[in-house]
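**Student:** One file: input-v6.cif (mmCIF, C-alpha atoms).
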```
data_start
#
loop_
_atom_site.label_atom_id
_atom_site.label_comp_id
_atom_site.auth_asym_id
_atom_site.auth_seq_id
_atom_site.Cartn_x
_atom_site.Cartn_y
_atom_site.Cartn_z
CA MET A 1 133.09 94.79 97.47
CA HIS A 2 131.68 92.79 100.36
CA ALA A 3 133.38 91.59 103.55
CA LEU A 4 132.23 88.56 105.53
CA PRO A 5 133.57 87.93 109.02
CA LEU A 6 135.67 84.89 109.79
CA ARG A 7 134.50 84.12 113.30
CA LEU A 8 133.87 81.37 115.75
CA ARG A 9 131.22 82.20 118.31
CA ASP A 10 132.20 85.68 119.57
CA GLU A 11 135.80 85.63 118.31
CA SER A 12 136.51 87.30 114.99
CA ILE A 13 139.77 86.18 113.37
CA GLY A 14 139.55 88.10 110.13
CA ALA A 15 137.38 88.74 107.11
CA MET A 16 136.84 87.28 103.68
CA ASN A 17 136.51 89.93 100.99
CA LEU A 18 134.38 89.45 97.90
CA PHE A 19 134.74 91.52 94.77
CA ARG A 20 132.01 91.81 92.15
CA ARG A 21 132.01 93.25 88.69
CA ALA A 22 128.81 95.17 89.28
CA PRO A 23 127.92 97.22 92.35
CA GLY A 24 124.97 96.32 94.55
CA PRO A 25 123.94 93.92 97.25
CA LEU A 26 124.67 90.21 97.09
CA PRO A 27 121.75 87.99 96.21
CA THR A 28 120.57 85.97 99.22
CA ALA A 29 121.72 82.65 97.73
CA ASP A 30 125.20 84.05 97.09
CA LEU A 31 125.33 85.50 100.60
CA HIS A 32 124.54 82.10 102.16
CA LEU A 33 127.09 80.37 99.96
CA THR A 34 129.86 82.85 100.72
CA GLN A 35 129.12 82.75 104.46
CA ALA A 36 129.44 78.95 104.29
CA LEU A 37 132.82 79.37 102.57
CA ALA A 38 133.86 81.87 105.24
CA ASP A 39 132.86 79.38 107.95
CA VAL A 40 134.93 76.62 106.31
CA ALA A 41 137.89 78.99 106.00
CA THR A 42 137.55 79.87 109.69
CA ILE A 43 137.64 76.21 110.69
CA GLY A 44 140.71 75.61 108.54
CA ILE A 45 142.56 78.58 110.00
CA LEU A 46 141.72 77.62 113.59
CA GLN A 47 142.77 74.00 113.03
CA GLU A 48 146.08 75.12 111.57
CA ARG A 49 146.66 77.37 114.60
CA THR A 50 145.91 74.48 116.94
CA ILE A 51 148.33 72.20 115.12
CA ARG A 52 151.05 74.88 115.17
CA ARG A 53 150.57 75.46 118.91
CA GLY A 54 150.73 71.72 119.55
CA GLU A 55 153.98 71.46 117.60
CA THR A 56 155.44 74.38 119.54
CA VAL A 57 154.53 72.81 122.89
CA ARG A 58 155.89 69.44 121.79
CA ASN A 59 159.19 71.02 120.72
CA GLN A 60 159.43 72.92 124.01
CA LEU A 61 158.78 69.76 126.02
CA GLN A 62 161.33 67.80 123.99
CA GLY A 63 163.90 70.54 124.59
CA ALA A 64 163.17 70.53 128.31
CA LEU A 65 163.51 66.75 128.47
CA THR A 66 166.79 66.81 126.56
CA SER A 67 168.12 69.53 128.86
CA ARG A 68 167.03 67.57 131.92
CA VAL A 69 168.86 64.44 130.73
CA ILE A 70 172.13 66.29 130.15
CA ILE A 71 171.81 68.05 133.52
CA GLU A 72 171.33 64.70 135.27
CA GLN A 73 174.39 63.33 133.48
CA ALA A 74 176.44 66.36 134.52
CA LYS A 75 175.30 65.99 138.13
CA GLY A 76 176.51 62.38 138.04
CA VAL A 77 179.86 63.33 136.52
CA LEU A 78 180.41 66.09 139.06
CA ALA A 79 179.29 63.97 142.02
CA GLU A 80 181.51 61.05 140.98
CA ARG A 81 184.59 63.20 140.33
CA SER A 82 184.24 65.31 143.46
CA GLY A 83 182.72 62.87 145.93
CA LEU A 84 179.80 65.25 146.52
CA SER A 85 176.14 64.35 146.77
CA MET A 86 173.90 64.77 143.74
CA GLY A 87 172.12 67.68 145.45
CA VAL A 88 175.37 69.53 146.10
CA ALA A 89 176.55 68.77 142.56
CA PHE A 90 173.37 70.34 141.21
CA GLU A 91 173.86 73.43 143.36
CA LEU A 92 177.42 73.80 142.04
CA LEU A 93 176.20 73.52 138.45
CA ARG A 94 173.43 76.02 139.04
CA ARG A 95 175.66 78.49 140.88
CA TYR A 96 178.29 78.31 138.15
CA ALA A 97 175.69 78.86 135.42
CA ARG A 98 174.18 81.84 137.22
CA GLY A 99 177.56 83.34 138.04
CA HIS A 100 178.68 83.12 134.42
CA HIS A 101 175.30 84.06 132.88
CA VAL A 102 175.12 80.78 130.98
CA ARG A 103 172.22 78.37 130.65
CA LEU A 104 172.40 75.47 133.07
CA ALA A 105 172.00 72.99 130.21
CA ASP A 106 174.98 74.56 128.42
CA VAL A 107 177.20 74.22 131.50
CA ALA A 108 176.04 70.62 131.89
CA HIS A 109 176.79 69.89 128.24
CA GLU A 110 180.28 71.35 128.55
CA LEU A 111 180.94 69.22 131.64
CA VAL A 112 179.65 65.99 130.10
CA GLU A 113 181.63 66.61 126.89
CA HIS A 114 184.83 67.14 128.99
CA ARG A 115 185.18 70.75 127.82
CA LEU A 116 184.72 72.01 131.37
CA ASP A 117 186.82 70.64 134.20
CA PRO A 118 184.82 69.67 137.30
CA ALA A 119 187.54 71.30 139.40
CA VAL A 120 186.57 74.67 137.89
CA LEU A 121 183.01 74.32 139.22
CA ILE A 122 184.23 73.23 142.63
CA ALA A 123 186.76 76.08 142.81
CA ALA A 124 184.13 78.61 141.72
CA ALA A 125 181.93 77.58 144.65
CA LYS A 126 184.60 78.41 147.23
#
```
Any chance you could give the structure as structure tokens?
**Tutor:**
Amino acid sequence: MHALPLRLRDESIGAMNLFRRAPGPLPTADLHLTQALADVATIGILQERTIRRGETVRNQLQGALTSRVIIEQAKGVLAERSGLSMGVAFELLRRYARGHHVRLADVAHELVEHRLDPAVLIAAAK
């Protein structure tokens, strides 16, 4: 059995194991070929990791944008219904979310979907 490192510069990400029928060292030509295969495998693994990280970041950013839109809508609903400024409406939303241990986006969604009465948020602030 032989093990070749999967590495890029100084970072080792694993090993490629080779199994032979007969014991002994690998011939030089086989060693060069298998190291080339290990290098290609390393590149493939690192590219897949990069793509996965990019997808994760993209999904997180999309979620943040979606949350921000619903929060802005909720601020508008609360400000219009209560006659408060947008800044005060945001503070009421945030205070309610913190006080009830609920995500701000969830409170905003409930308000926009008319499942949470704006009067409840106003009363909770008093």
**Student:** Might you pull out every residue within 12 Å of Gly99 (chain A), with all atoms listed in the file counted and same-chain residues fewer than 5 positions away left off, and present them as a JSON list (two decimals) with C-alpha atoms, in the frame of the given file?
**Tutor:**
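The result, written out as around10.json:
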```json
[["chain", "number", "residue", "atom", "x", "y", "z"],
["A", 91, "GLU", "CA", 173.86, 73.43, 143.36],
["A", 92, "LEU", "CA", 177.42, 73.80, 142.04],
["A", 93, "LEU", "CA", 176.20, 73.52, 138.45],
["A", 94, "ARG", "CA", 173.43, 76.02, 139.04],
["A", 104, "LEU", "CA", 172.40, 75.47, 133.07],
["A", 107, "VAL", "CA", 177.20, 74.22, 131.50],
["A", 121, "LEU", "CA", 183.01, 74.32, 139.22],
["A", 124, "ALA", "CA", 184.13, 78.61, 141.72],
["A", 125, "ALA", "CA", 181.93, 77.58, 144.65]]
```
**Student:** Given the file shown, determine the residues that the PyMOL selection byres ((chain A and resi 62-68) around 9) selects; report them as a ChimeraX atom specification.
**Tutor:** /A:57-61,69-73,104-106,108-109
**Student:** Between A:Ile13, A:Ala3, A:Leu8, A:Val77, which has the minimum distance to Thr34 (chain A) (counting only C-alpha atoms)?
**Tutor:**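 Of all the options, A:Ala3 lies closest to Thr34 (chain A).
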**Student:** With all atoms listed in the file as the atoms that count, which of A:Asn17, A:Thr56, A:Thr28, A:Ser12 lies nearest to Thr42 (chain A)?
**Tutor:**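 Comparing A:Asn17, A:Thr56, A:Thr28, A:Ser12 against Thr42 (chain A), the winner is A:Ser12.
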**Student:** Which of these residues is nearest to Arg21 (chain A), using all atoms listed in the file: A:Arg52, A:His2, A:Arg7, A:Arg95?
**Tutor:**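 With all atoms listed in the file as the atom set, the closest residue is A:His2.
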**Student:** Could you tell me which of A:Leu78, A:His32, A:Leu4, A:Phe19 comes closest to Leu116 (chain A) if we count all atoms listed in the file?
**Tutor:** A:Leu78
**Student:** How many Å separate CA of Leu84 (chain A) from CA of His101 (chain A)?
**Tutor:**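 CA of His101 (chain A) lies at a distance of 23.7 Å from CA of Leu84 (chain A).
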**Student:** For CA of Ala74 (chain A) and CA of His114 (chain A), quote the distance in Å rounded to one decimal.
**Tutor:**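 Computing it gives 10.1 Å between the two atoms.
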**Student:** The centre and edge lengths of an axis-aligned box containing all atoms of region 70-89 of chain A present in the file, extended by 4 Å on each side, are to be given in Å to one decimal, as AutoDock Vina command-line options.
**Tutor:**
```
--center_x 178.0 --center_y 65.3 --center_z 138.5 --size_x 21.3 --size_y 16.5 --size_z 24.6
```
**Student:** Please, what distance in Å, to one decimal, runs between CA of Leu46 (chain A) and CA of Leu18 (chain A)?
**Tutor:** 21.0 Å
**Student:** So which residues touch Met86 (chain A) within 8 Å, counting only C-alpha atoms, skipping near sequence neighbours fewer than 4 positions away, as number ranges by chain?
**Tutor:** A: 75-76, 79, 90
**Student:** Calculated over all atoms listed in the file, which of the candidates A:Ala22, A:Arg81, A:Asp10, A:Arg53 has the smallest distance to Val112 (chain A)?
**Tutor:** A:Arg81
**Student:** For Arg9 (chain A), which residue among A:Ile43, A:Leu37, A:Pro118, A:Ala29 is the nearest when counting all atoms listed in the file?
**Tutor:**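 Ranking A:Ile43, A:Leu37, A:Pro118, A:Ala29 by distance to Arg9 (chain A), first place goes to A:Ile43.
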**Student:** From the block you just saw, export region 35-47 of chain A: all heavy atoms, as a PDB file, in the first residue's frame.
**Tutor:**
```
ATOM      1  N   GLN A  35       1.109  10.611  -8.690  1.00  0.00           N
ATOM      2  CA  GLN A  35       1.149  11.954  -8.097  1.00  0.00           C
ATOM      3  C   GLN A  35       0.383  12.931  -8.971  1.00  0.00           C
ATOM      4  O   GLN A  35      -0.308  13.823  -8.461  1.00  0.00           O
ATOM      5  CB  GLN A  35       2.586  12.434  -7.887  1.00  0.00           C
ATOM      6  CG  GLN A  35       2.671  13.751  -7.124  1.00  0.00           C
ATOM      7  CD  GLN A  35       2.042  13.670  -5.734  1.00  0.00           C
ATOM      8  OE1 GLN A  35       2.459  12.878  -4.905  1.00  0.00           O
ATOM      9  NE2 GLN A  35       1.019  14.491  -5.471  1.00  0.00           N
ATOM     10  N   ALA A  36       0.445  12.771 -10.285  1.00  0.00           N
ATOM     11  CA  ALA A  36      -0.338  13.621 -11.194  1.00  0.00           C
ATOM     12  C   ALA A  36      -1.831  13.406 -10.960  1.00  0.00           C
ATOM     13  O   ALA A  36      -2.614  14.363 -10.929  1.00  0.00           O
ATOM     14  CB  ALA A  36       0.030  13.329 -12.643  1.00  0.00           C
ATOM     15  N   LEU A  37      -2.246  12.152 -10.775  1.00  0.00           N
ATOM     16  CA  LEU A  37      -3.651  11.870 -10.469  1.00  0.00           C
ATOM     17  C   LEU A  37      -4.054  12.481  -9.126  1.00  0.00           C
ATOM     18  O   LEU A  37      -5.160  13.023  -8.979  1.00  0.00           O
ATOM     19  CB  LEU A  37      -3.889  10.357 -10.453  1.00  0.00           C
ATOM     20  CG  LEU A  37      -3.865   9.658 -11.814  1.00  0.00           C
ATOM     21  CD1 LEU A  37      -3.923   8.151 -11.614  1.00  0.00           C
ATOM     22  CD2 LEU A  37      -5.007  10.137 -12.682  1.00  0.00           C
ATOM     23  N   ALA A  38      -3.177  12.405  -8.152  1.00  0.00           N
ATOM     24  CA  ALA A  38      -3.458  13.001  -6.845  1.00  0.00           C
ATOM     25  C   ALA A  38      -3.597  14.526  -6.974  1.00  0.00           C
ATOM     26  O   ALA A  38      -4.478  15.124  -6.340  1.00  0.00           O
ATOM     27  CB  ALA A  38      -2.355  12.646  -5.855  1.00  0.00           C
ATOM     28  N   ASP A  39      -2.778  15.147  -7.797  1.00  0.00           N
ATOM     29  CA  ASP A  39      -2.859  16.591  -8.006  1.00  0.00           C
ATOM     30  C   ASP A  39      -4.181  16.973  -8.662  1.00  0.00           C
ATOM     31  O   ASP A  39      -4.820  17.960  -8.284  1.00  0.00           O
ATOM     32  CB  ASP A  39      -1.680  17.084  -8.851  1.00  0.00           C
ATOM     33  CG  ASP A  39      -0.347  16.957  -8.133  1.00  0.00           C
ATOM     34  OD1 ASP A  39      -0.345  16.805  -6.889  1.00  0.00           O
ATOM     35  OD2 ASP A  39       0.697  17.013  -8.817  1.00  0.00           O
ATOM     36  N   VAL A  40      -4.606  16.189  -9.652  1.00  0.00           N
ATOM     37  CA  VAL A  40      -5.891  16.451 -10.318  1.00  0.00           C
ATOM     38  C   VAL A  40      -7.042  16.271  -9.329  1.00  0.00           C
ATOM     39  O   VAL A  40      -7.984  17.074  -9.296  1.00  0.00           O
ATOM     40  CB  VAL A  40      -6.063  15.537 -11.552  1.00  0.00           C
ATOM     41  CG1 VAL A  40      -7.481  15.613 -12.097  1.00  0.00           C
ATOM     42  CG2 VAL A  40      -5.054  15.910 -12.625  1.00  0.00           C
ATOM     43  N   ALA A  41      -6.967  15.240  -8.516  1.00  0.00           N
ATOM     44  CA  ALA A  41      -8.004  15.011  -7.504  1.00  0.00           C
ATOM     45  C   ALA A  41      -8.057  16.178  -6.519  1.00  0.00           C
ATOM     46  O   ALA A  41      -9.141  16.620  -6.118  1.00  0.00           O
ATOM     47  CB  ALA A  41      -7.747  13.700  -6.766  1.00  0.00           C
ATOM     48  N   THR A  42      -6.904  16.691  -6.134  1.00  0.00           N
ATOM     49  CA  THR A  42      -6.848  17.833  -5.218  1.00  0.00           C
ATOM     50  C   THR A  42      -7.546  19.040  -5.820  1.00  0.00           C
ATOM     51  O   THR A  42      -8.352  19.702  -5.152  1.00  0.00           O
ATOM     52  CB  THR A  42      -5.384  18.185  -4.888  1.00  0.00           C
ATOM     53  OG1 THR A  42      -4.764  17.056  -4.280  1.00  0.00           O
ATOM     54  CG2 THR A  42      -5.304  19.386  -3.959  1.00  0.00           C
ATOM     55  N   ILE A  43      -7.260  19.317  -7.071  1.00  0.00           N
ATOM     56  CA  ILE A  43      -7.888  20.465  -7.750  1.00  0.00           C
ATOM     57  C   ILE A  43      -9.395  20.290  -7.797  1.00  0.00           C
ATOM     58  O   ILE A  43     -10.157  21.220  -7.511  1.00  0.00           O
ATOM     59  CB  ILE A  43      -7.292  20.636  -9.164  1.00  0.00           C
ATOM     60  CG1 ILE A  43      -5.841  21.096  -9.059  1.00  0.00           C
ATOM     61  CG2 ILE A  43      -8.114  21.624  -9.986  1.00  0.00           C
ATOM     62  CD1 ILE A  43      -5.071  21.023 -10.352  1.00  0.00           C
ATOM     63  N   GLY A  44      -9.851  19.090  -8.126  1.00  0.00           N
ATOM     64  CA  GLY A  44     -11.291  18.828  -8.172  1.00  0.00           C
ATOM     65  C   GLY A  44     -11.962  19.027  -6.823  1.00  0.00           C
ATOM     66  O   GLY A  44     -13.032  19.640  -6.726  1.00  0.00           O
ATOM     67  N   ILE A  45     -11.344  18.527  -5.774  1.00  0.00           N
ATOM     68  CA  ILE A  45     -11.902  18.666  -4.425  1.00  0.00           C
ATOM     69  C   ILE A  45     -11.956  20.137  -4.017  1.00  0.00           C
ATOM     70  O   ILE A  45     -12.965  20.618  -3.485  1.00  0.00           O
ATOM     71  CB  ILE A  45     -11.085  17.834  -3.409  1.00  0.00           C
ATOM     72  CG1 ILE A  45     -11.305  16.343  -3.665  1.00  0.00           C
ATOM     73  CG2 ILE A  45     -11.448  18.206  -1.973  1.00  0.00           C
ATOM     74  CD1 ILE A  45     -10.342  15.438  -2.912  1.00  0.00           C
ATOM     75  N   LEU A  46     -10.881  20.866  -4.267  1.00  0.00           N
ATOM     76  CA  LEU A  46     -10.848  22.281  -3.880  1.00  0.00           C
ATOM     77  C   LEU A  46     -11.842  23.107  -4.684  1.00  0.00           C
ATOM     78  O   LEU A  46     -12.470  24.031  -4.143  1.00  0.00           O
ATOM     79  CB  LEU A  46      -9.430  22.834  -4.024  1.00  0.00           C
ATOM     80  CG  LEU A  46      -8.407  22.244  -3.043  1.00  0.00           C
ATOM     81  CD1 LEU A  46      -7.012  22.758  -3.349  1.00  0.00           C
ATOM     82  CD2 LEU A  46      -8.792  22.555  -1.611  1.00  0.00           C
ATOM     83  N   GLN A  47     -12.027  22.791  -5.962  1.00  0.00           N
ATOM     84  CA  GLN A  47     -13.020  23.512  -6.759  1.00  0.00           C
ATOM     85  C   GLN A  47     -14.429  23.233  -6.251  1.00  0.00           C
ATOM     86  O   GLN A  47     -15.257  24.137  -6.165  1.00  0.00           O
ATOM     87  CB  GLN A  47     -12.902  23.132  -8.233  1.00  0.00           C
ATOM     88  CG  GLN A  47     -11.731  23.771  -8.922  1.00  0.00           C
ATOM     89  CD  GLN A  47     -11.639  23.392 -10.383  1.00  0.00           C
ATOM     90  OE1 GLN A  47     -12.137  22.350 -10.809  1.00  0.00           O
ATOM     91  NE2 GLN A  47     -10.988  24.235 -11.154  1.00  0.00           N
TER      92      GLN A  47
END
```
